[in-house]
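Worksheet: the structure to be examined is printed underneath.
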Amino acid sequence: MTEEHAEAHEHTNYIKIWAILTFMLVLSILGPMIGIKWVTLIAAFGIAVVKAAMVGAYFMHLNIEKRYVWYMLFTALLFLGLFFFGVSPDVMKAEGSNWVNHNNMPVATEEVGHGDGHSE
Amino acid sequence: MAEAVTTAETTEGAHSHHGEPDFWSKYIFSTDHKMIAMQYMFTGMIMALIGGYMAYVFRMQLAFPGESVPGYGTVTPLAYNSLITNHGAIMIFWVAMPILIAALGNFLIPLMIGCDDMVFPRVNRLSYQIFLLSAIILIASFFVPGGGFGGAWTAYPPLSAQSQYNLTPFGAPMWLLAVALEFVAFLLGGINFITTTMNARAKGMKMYDIPIVVWMIVIASILFMASVGPLIAGAVMLLFDQVLGTTFYNPDAGGDPVLWQHLFWFFGHPEVYVVLLPAMGVVAEVITVFARKKLFAYKTILYTTFATGILSFFVWAHHQFIAGIDPRMAHIFTVTTVLISIPIAEMLFCYIATLYGGSIRLTTAMLFALSFLAEFLIGGVTGIYLGASGTDIYFHDTYFVLAHFHYTFFPIAIIGFFTAIYYWFPKMFGRMMNETWGKIHFWGTIICFNGIFLPLFVLGMGGQHRRIYNFNNFPDLATPEMQDLRIFATWSAVAMLVFQIPFLINFTVSLFKGKKAGKNPWNANTLEWVAPSPPPHGNFAEMPVVYRAPYEYSVPGREKDYWPQNMPD
Amino acid sequence: MSFQAPLATSRSVTGLPTGRLAIWWVVVSEIVIFGGLIACYVMFRLRHPEWGEYASHTSTPAGALNTFVLLTSSLSIVLAHQAAAAGNLVKSFRYIWCTIGGGGIFLLVKSYEWTTEISHGYTLFANNFWSFYYTATGLHGLHVIAGMVIMAIISIGVRKGEHLPRVEYIGIYWHFVDIVWLFLFPLFYIAK
Ligand code: HEM
Ligand SMILES: [Cu+2]
């Protein structure tokens, strides 16, 4: 462990970070109770991102870690994004401009239909 | 220099402490990177023989449908499916991966970057043990009731997910489990390779002093790690579909079979570059040594490797052009697929430019390296035909595709392996292989290889589909002309297998009787040739220090035509 | 059987201790594993608005409690690391076991949730939503268990003052497991 590393640890007040995280947790539960869709989304996922970033930065010490570690993690996330955008047109959408994917049209009986008898 | 002294002491201490290691700790539970490399290599070679035997059986069935195959018996349709499935899976996951990535990575990385072992030797040993377990599970799956899995190495659901379709209630989950364990083994190995190369290089070895093959293995490990994740999750989902009866991929119950195709190929396409890159690296080492010339454009090769690696993540859906994917995506994936040929071609040009004006020595290793360039070129060029979604509508799932990827995989897995083994054998075992027998092996293998797969291009263009048990059931495909080509391909395959016998004999005899090799029989520059042959535990008596880039051959004004990396002046 | 670490392990060309570098690569590979699973779930979830209805049968209070437990255990493991770095072994040991306890509470809550859900008929097979729910939380739970086991092993070393940097490495892993949960929580418990 390097000198500055050890020093930086002392500067972070972990309890404070933890208190902020807990506060945000409360927000992320209360937000959706209002029942407005965009508030729910922001409260649920926006706050999750912020919390994750804080855990990463202060608890995992990414704030004082070498830069390229951050790039490594971020690249993994980029590839995931790529995966999502390459796949979602097939899995999520059944039609677009001038084309229809019949295989992928939602089945009307979807909630009930099970095919192999595993419904309760 | 201080470091070197302390090392000498530590290695010394370790030795006296252990005394003479017994058989088990020396060969079976060793943590030494070279021994683990050998374990991977021999396991890979045995698996290659099994995979080759399978190919022999189903090629015989295709040439002489319904007749009893010598050494096997009559091939049933189910057995046929299982044979082709496991042939493909074995050759990729249990031959190409362990030999090119794990065996070469383990053997070469610590030696070439000048350290005594991997940074995590016990994780390394664990990696091999998991790999061995996966191979055992795979082989056991052939003997369970219902037989081995037969739903193709791509394991598309619903065929792979539901045993009422694939008829292998035990074979299918065991196959999947074996593949998943193999992935875990290579994740562990990969982390070791990457960390070792990043952190444990010899003093003085800067980024651009790392030999190309090490770069390539490390980049391949990173590609593997980044692409396999979703598939591991997907494999768990498929396993649940198979054994528990969930419906992730079952369209009847709201699941999505195309999702598996995406998961598979999001890994599967980068995977082909995962195996390609180490082979390219081996070829780079060999041609520069035997052309006695500096590797042309080291940095360009490196940058094209990065480009290939990144682009390889953007092309996967070219395997699904007619699977009912979003047509807009087909456009994008056509463009990216054609784009990826650019860096690959550039890399090949750099290799050819290395040869230009060199004083070429046609050793067996060099012959294999040169044939790699020629044969892989055919594979790469036919890839472009397939990458254009328009032509692929016709070519998809025909023998044209099959010939395409054998013109890529064979150079990678087989030619790449032979290049490496003929070149590094002296370092691995301290003895030389016989060159005459090597050349017989070379010509036999290469000529027969083309004899197998060139006819398959023709058959594929004639509309012959893959994964068909007996072409006599299809009047269009049962013509005598087509059957003649099939028979020709089959005899070539048999001949090629026979030509491996000289290799196996040469290999075994040279192990014990070969001419003793010195430290540096090829007059090469890289650090592994500084260590004794074979290198002892701890590799170097004194840890080397690096003074220059790895490919300084025929430097004007120097008496010798090579200039080892560790030589101060 | 004594094992002597090679010289290679002690080298540090990048300036990062080898163990920490490796654990970052572990995290990279785990990101794509969990990320792949989550990406698949999100695609299905967006295509099936009716899954919001299913999600309302998961227990938000239990999920929230578990989020709190994990966040707190993250705090305790980082304090364990701080204590180890300061040479206070006893304190570090205690904090590690606090973290393991946190993992234990998490698993208890989790098993309570699972049993109630299963007893209401929401099993792994009820429909794809529940299949994803059990697969994702189950995979995450396995990581929690693995983390607890490794921490228990490391704590023995801490007692003797050996391998202290390992406290930091397991911490990084534990925080990662925490972060995964931070996303599973809104995905399965909040978004309805
Ligand atoms: C690194 C060398 C390569 C390897 C190892 C390789 C391997 C493969 C494999 C195994 C398949 C068939 C998979 C299956 O359906 O079972 C395949 C198909 C394909 N390859 Fe390659 N390939 C390589 C290079 C290329 C290149 C350079 C291109 C394009 C520029 C390309 C384009 C394609 C396309 C489009 C297909 C799909 C064909 C179809 O299924 O219709 N490949 N390749
Ligand atoms: Cu491909």
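How things are named: the first chain in the structure tokens is A, the next is B, and so on; residues count from 1 in each chain; ligands count from 1 in the order shown.
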
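Near Met496 of chain B, within a cut-off of 7 Å and counting only C-alpha atoms, sit the residues Gly444, Thr445, Cys448 and Phe449 of chain B, with same-chain residues fewer than 5 positions away left out.
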
Those residues you just picked out, can you put them in a file as a PDB file, in the first residue's frame with all heavy atoms?
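As written to disk, result.pdb reads:
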ATOM      1  N   GLY B 444       1.919 -33.787 -45.782  1.00  0.00           N
ATOM      2  CA  GLY B 444       0.760 -34.661 -45.707  1.00  0.00           C
ATOM      3  C   GLY B 444      -0.447 -33.943 -45.131  1.00  0.00           C
ATOM      4  O   GLY B 444      -1.551 -33.994 -45.687  1.00  0.00           O
ATOM      5  N   THR B 445      -0.222 -33.226 -44.036  1.00  0.00           N
ATOM      6  CA  THR B 445      -1.345 -32.559 -43.380  1.00  0.00           C
ATOM      7  C   THR B 445      -1.950 -31.478 -44.264  1.00  0.00           C
ATOM      8  O   THR B 445      -3.174 -31.405 -44.445  1.00  0.00           O
ATOM      9  CB  THR B 445      -0.850 -31.924 -42.063  1.00  0.00           C
ATOM     10  OG1 THR B 445      -0.207 -32.928 -41.301  1.00  0.00           O
ATOM     11  CG2 THR B 445      -2.005 -31.350 -41.276  1.00  0.00           C
ATOM     12  N   CYS B 448      -3.728 -32.811 -47.561  1.00  0.00           N
ATOM     13  CA  CYS B 448      -4.982 -33.490 -47.247  1.00  0.00           C
ATOM     14  C   CYS B 448      -6.019 -32.514 -46.722  1.00  0.00           C
ATOM     15  O   CYS B 448      -7.207 -32.631 -47.036  1.00  0.00           O
ATOM     16  CB  CYS B 448      -4.757 -34.576 -46.217  1.00  0.00           C
ATOM     17  SG  CYS B 448      -3.704 -35.878 -46.823  1.00  0.00           S
ATOM     18  N   PHE B 449      -5.580 -31.541 -45.950  1.00  0.00           N
ATOM     19  CA  PHE B 449      -6.538 -30.562 -45.424  1.00  0.00           C
ATOM     20  C   PHE B 449      -7.283 -29.881 -46.563  1.00  0.00           C
ATOM     21  O   PHE B 449      -8.518 -29.771 -46.553  1.00  0.00           O
ATOM     22  CB  PHE B 449      -5.790 -29.543 -44.555  1.00  0.00           C
ATOM     23  CG  PHE B 449      -6.546 -28.260 -44.353  1.00  0.00           C
ATOM     24  CD1 PHE B 449      -7.739 -28.266 -43.639  1.00  0.00           C
ATOM     25  CD2 PHE B 449      -6.082 -27.063 -44.868  1.00  0.00           C
ATOM     26  CE1 PHE B 449      -8.450 -27.094 -43.453  1.00  0.00           C
ATOM     27  CE2 PHE B 449      -6.789 -25.892 -44.689  1.00  0.00           C
ATOM     28  CZ  PHE B 449      -7.972 -25.903 -43.991  1.00  0.00           C
TER      29      PHE B 449
END

Selection within 10 Å of ligand 2 by only C-alpha atoms and all ligand atoms, output as a tab-separated table (two decimals) with N, CA, C and O atoms, in the first residue's frame:
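The result, stored in result10.tsv:
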chain	number	residue	atom	x	y	z
B	265	TRP	N	-23.88	-15.95	-29.60
B	265	TRP	CA	-22.97	-15.35	-30.59
B	265	TRP	C	-22.31	-14.08	-30.08
B	265	TRP	O	-21.26	-13.70	-30.59
B	266	PHE	N	-22.90	-13.43	-29.10
B	266	PHE	CA	-22.20	-12.30	-28.49
B	266	PHE	C	-20.89	-12.80	-27.89
B	266	PHE	O	-19.89	-12.08	-27.87
B	267	PHE	N	-20.92	-14.02	-27.41
B	267	PHE	CA	-19.67	-14.67	-27.01
B	267	PHE	C	-18.99	-15.33	-28.22
B	267	PHE	O	-17.80	-15.19	-28.42
B	268	GLY	N	-19.79	-16.03	-29.02
B	268	GLY	CA	-19.22	-16.89	-30.05
B	268	GLY	C	-18.38	-16.17	-31.06
B	268	GLY	O	-17.33	-16.67	-31.47
B	269	HIS	N	-18.79	-14.99	-31.48
B	269	HIS	CA	-17.91	-14.35	-32.44
B	269	HIS	C	-16.62	-13.85	-31.83
B	269	HIS	O	-15.55	-14.17	-32.35
B	270	PRO	N	-16.64	-13.09	-30.73
B	270	PRO	CA	-15.35	-12.76	-30.12
B	270	PRO	C	-14.50	-14.01	-29.86
B	270	PRO	O	-13.28	-13.99	-30.00
B	271	GLU	N	-15.16	-15.10	-29.53
B	271	GLU	CA	-14.43	-16.35	-29.27
B	271	GLU	C	-13.55	-16.75	-30.45
B	271	GLU	O	-12.43	-17.22	-30.26
B	272	VAL	N	-14.05	-16.57	-31.68
B	272	VAL	CA	-13.19	-17.00	-32.79
B	272	VAL	C	-11.93	-16.15	-32.84
B	272	VAL	O	-10.86	-16.62	-33.21
B	273	TYR	N	-12.04	-14.89	-32.39
B	273	TYR	CA	-10.82	-14.08	-32.35
B	273	TYR	C	-10.00	-14.41	-31.13
B	273	TYR	O	-8.79	-14.22	-31.12
B	312	SER	N	-14.58	-7.07	-33.00
B	312	SER	CA	-15.15	-8.42	-32.92
B	312	SER	C	-16.40	-8.45	-32.04
B	312	SER	O	-17.15	-9.41	-32.09
B	313	PHE	N	-16.61	-7.41	-31.24
B	313	PHE	CA	-17.82	-7.35	-30.44
B	313	PHE	C	-19.00	-6.79	-31.22
B	313	PHE	O	-20.11	-6.77	-30.71
B	314	PHE	N	-18.76	-6.31	-32.41
B	314	PHE	CA	-19.82	-5.61	-33.12
B	314	PHE	C	-20.38	-6.41	-34.29
B	314	PHE	O	-21.08	-5.87	-35.12
B	315	VAL	N	-20.02	-7.67	-34.40
B	315	VAL	CA	-20.40	-8.39	-35.62
B	315	VAL	C	-21.27	-9.62	-35.37
B	315	VAL	O	-21.66	-10.29	-36.31
B	316	TRP	N	-21.61	-9.89	-34.08
B	316	TRP	CA	-22.10	-11.24	-33.79
B	316	TRP	C	-23.34	-11.64	-34.55
B	316	TRP	O	-23.50	-12.81	-34.89
B	317	ALA	N	-24.23	-10.68	-34.86
B	317	ALA	CA	-25.50	-11.12	-35.44
B	317	ALA	C	-25.36	-11.56	-36.89
B	317	ALA	O	-26.35	-11.97	-37.50
B	318	HIS	N	-24.13	-11.53	-37.45
B	318	HIS	CA	-24.00	-12.08	-38.81
B	318	HIS	C	-24.24	-13.59	-38.83
B	318	HIS	O	-24.36	-14.17	-39.89
B	319	HIS	N	-24.31	-14.19	-37.65
B	319	HIS	CA	-24.66	-15.61	-37.61
B	319	HIS	C	-26.17	-15.81	-37.61
B	319	HIS	O	-26.64	-16.93	-37.64
B	320	GLN	N	-26.91	-14.72	-37.55
B	320	GLN	CA	-28.35	-14.84	-37.35
B	320	GLN	C	-29.14	-14.13	-38.45
B	320	GLN	O	-30.30	-13.82	-38.25
B	337	THR	N	-19.26	-6.40	-40.18
B	337	THR	CA	-18.55	-7.62	-40.54
B	337	THR	C	-17.55	-7.36	-41.65
B	337	THR	O	-16.43	-7.87	-41.63
B	383	GLY	N	-15.18	-15.45	-45.55
B	383	GLY	CA	-15.99	-14.80	-44.52
B	383	GLY	C	-16.70	-13.58	-45.04
B	383	GLY	O	-17.83	-13.28	-44.64
B	386	LEU	N	-19.90	-14.36	-46.63
B	386	LEU	CA	-20.94	-14.69	-45.67
B	386	LEU	C	-21.40	-13.47	-44.91
B	386	LEU	O	-22.55	-13.39	-44.46
B	387	GLY	N	-20.49	-12.53	-44.77
B	387	GLY	CA	-20.84	-11.34	-44.00
B	387	GLY	C	-21.82	-10.45	-44.73
B	387	GLY	O	-22.55	-9.68	-44.10
B	405	PHE	N	-15.39	-21.85	-42.06
B	405	PHE	CA	-14.81	-21.77	-40.72
B	405	PHE	C	-13.77	-22.85	-40.49
B	405	PHE	O	-12.92	-22.70	-39.63

Which segment 405-446 of chain B residues have any atom within 12 Å of an atom of segment 530-542 of chain B, and for each, what is the nearest pair of atoms with distance in Å to one decimal, counting only C-alpha atoms, rows sorted by chain and number, as a Markdown table?
| residue | atom | partner | partner_atom | distance |
| --- | --- | --- | --- | --- |
| B:Trp424 | CA | B:Ser533 | CA | 10.0 |
| B:Phe425 | CA | B:Pro534 | CA | 9.3 |
| B:Pro426 | CA | B:Ser533 | CA | 6.7 |
| B:Lys427 | CA | B:Ser533 | CA | 4.8 |
| B:Met428 | CA | B:Pro534 | CA | 5.3 |
| B:Phe429 | CA | B:Pro534 | CA | 5.2 |
| B:Gly430 | CA | B:Ser533 | CA | 4.4 |
| B:Arg431 | CA | B:Ser533 | CA | 7.9 |
| B:Met432 | CA | B:Ser533 | CA | 10.5 |

*So, counting only C-alpha atoms, which residue among C:Val13, C:Leu70, C:Ile154, C:Ala62 is closest to His175 of chain C?*
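Going through C:Val13, C:Leu70, C:Ile154, C:Ala62 one by one, the smallest distance to His175 of chain C is for C:Leu70.
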
_Interface list for chain B, partner chain A, 10 Å threshold, only C-alpha atoms, as a ChimeraX atom specification_ = /B:225-227,229-230,244-247,250-259,261-263,266,310,313-317,324-329,332-333

Which residues of segment 38-105 of chain C come within 10 Å of segment 134-149 of chain C, and for each one, what is the closest pair of atoms and their distance in Å to one decimal, counting only C-alpha atoms, sorted by chain and residue number, as a Markdown table?
| residue | atom | partner | partner_atom | distance |
| --- | --- | --- | --- | --- |
| C:Ile38 | CA | C:Ala136 | CA | 7.7 |
| C:Tyr41 | CA | C:Ala136 | CA | 9.0 |
| C:Leu70 | CA | C:Val144 | CA | 9.7 |
| C:Ile96 | CA | C:Met148 | CA | 9.3 |
| C:Trp97 | CA | C:Met148 | CA | 9.0 |
| C:Thr99 | CA | C:Met148 | CA | 8.0 |
| C:Ile100 | CA | C:Met148 | CA | 5.3 |
| C:Gly101 | CA | C:Met148 | CA | 8.6 |
| C:Gly102 | CA | C:Met148 | CA | 9.3 |
| C:Gly103 | CA | C:Val144 | CA | 6.4 |
| C:Gly104 | CA | C:Met148 | CA | 8.2 |

*Could you write out as JSON, numbers by chain the residues of chain C within 8 Å of chain A, counting only C-alpha atoms?*
{"C": [16, 17, 24, 27, 28, 29, 31, 32, 35, 36, 39, 40, 43, 44, 46, 47, 64, 67, 68, 71, 72, 74, 75, 78, 79, 82, 85, 121, 125, 126, 127, 171, 172, 175, 176, 179, 182, 183, 186, 190, 191]}

_Distance cut-off 7 Å, counting only C-alpha atoms - which residues of chain B neighbour chain C? Return them as a count of residues only._
23

*12 Å contact set for Ile505 of chain B, only C-alpha atoms, chain neighbours under 6 positions out, as an MDAnalysis selection string*: chainID B and resid 433:434 437:438 441 498:499 511:514

_helix (DSSP H, G or I) per DSSP on the backbone: members of chain C, as number ranges by chain_ = C: 7-10, 18-47, 51-55, 60-85, 89-119, 128-160, 165-190

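Ranking B:Leu83, B:Ile136, B:Ile340, B:Leu370 by their shortest atom-to-atom distance to ligand 1, with only C-alpha atoms and all ligand atoms included, puts B:Ile340 first.
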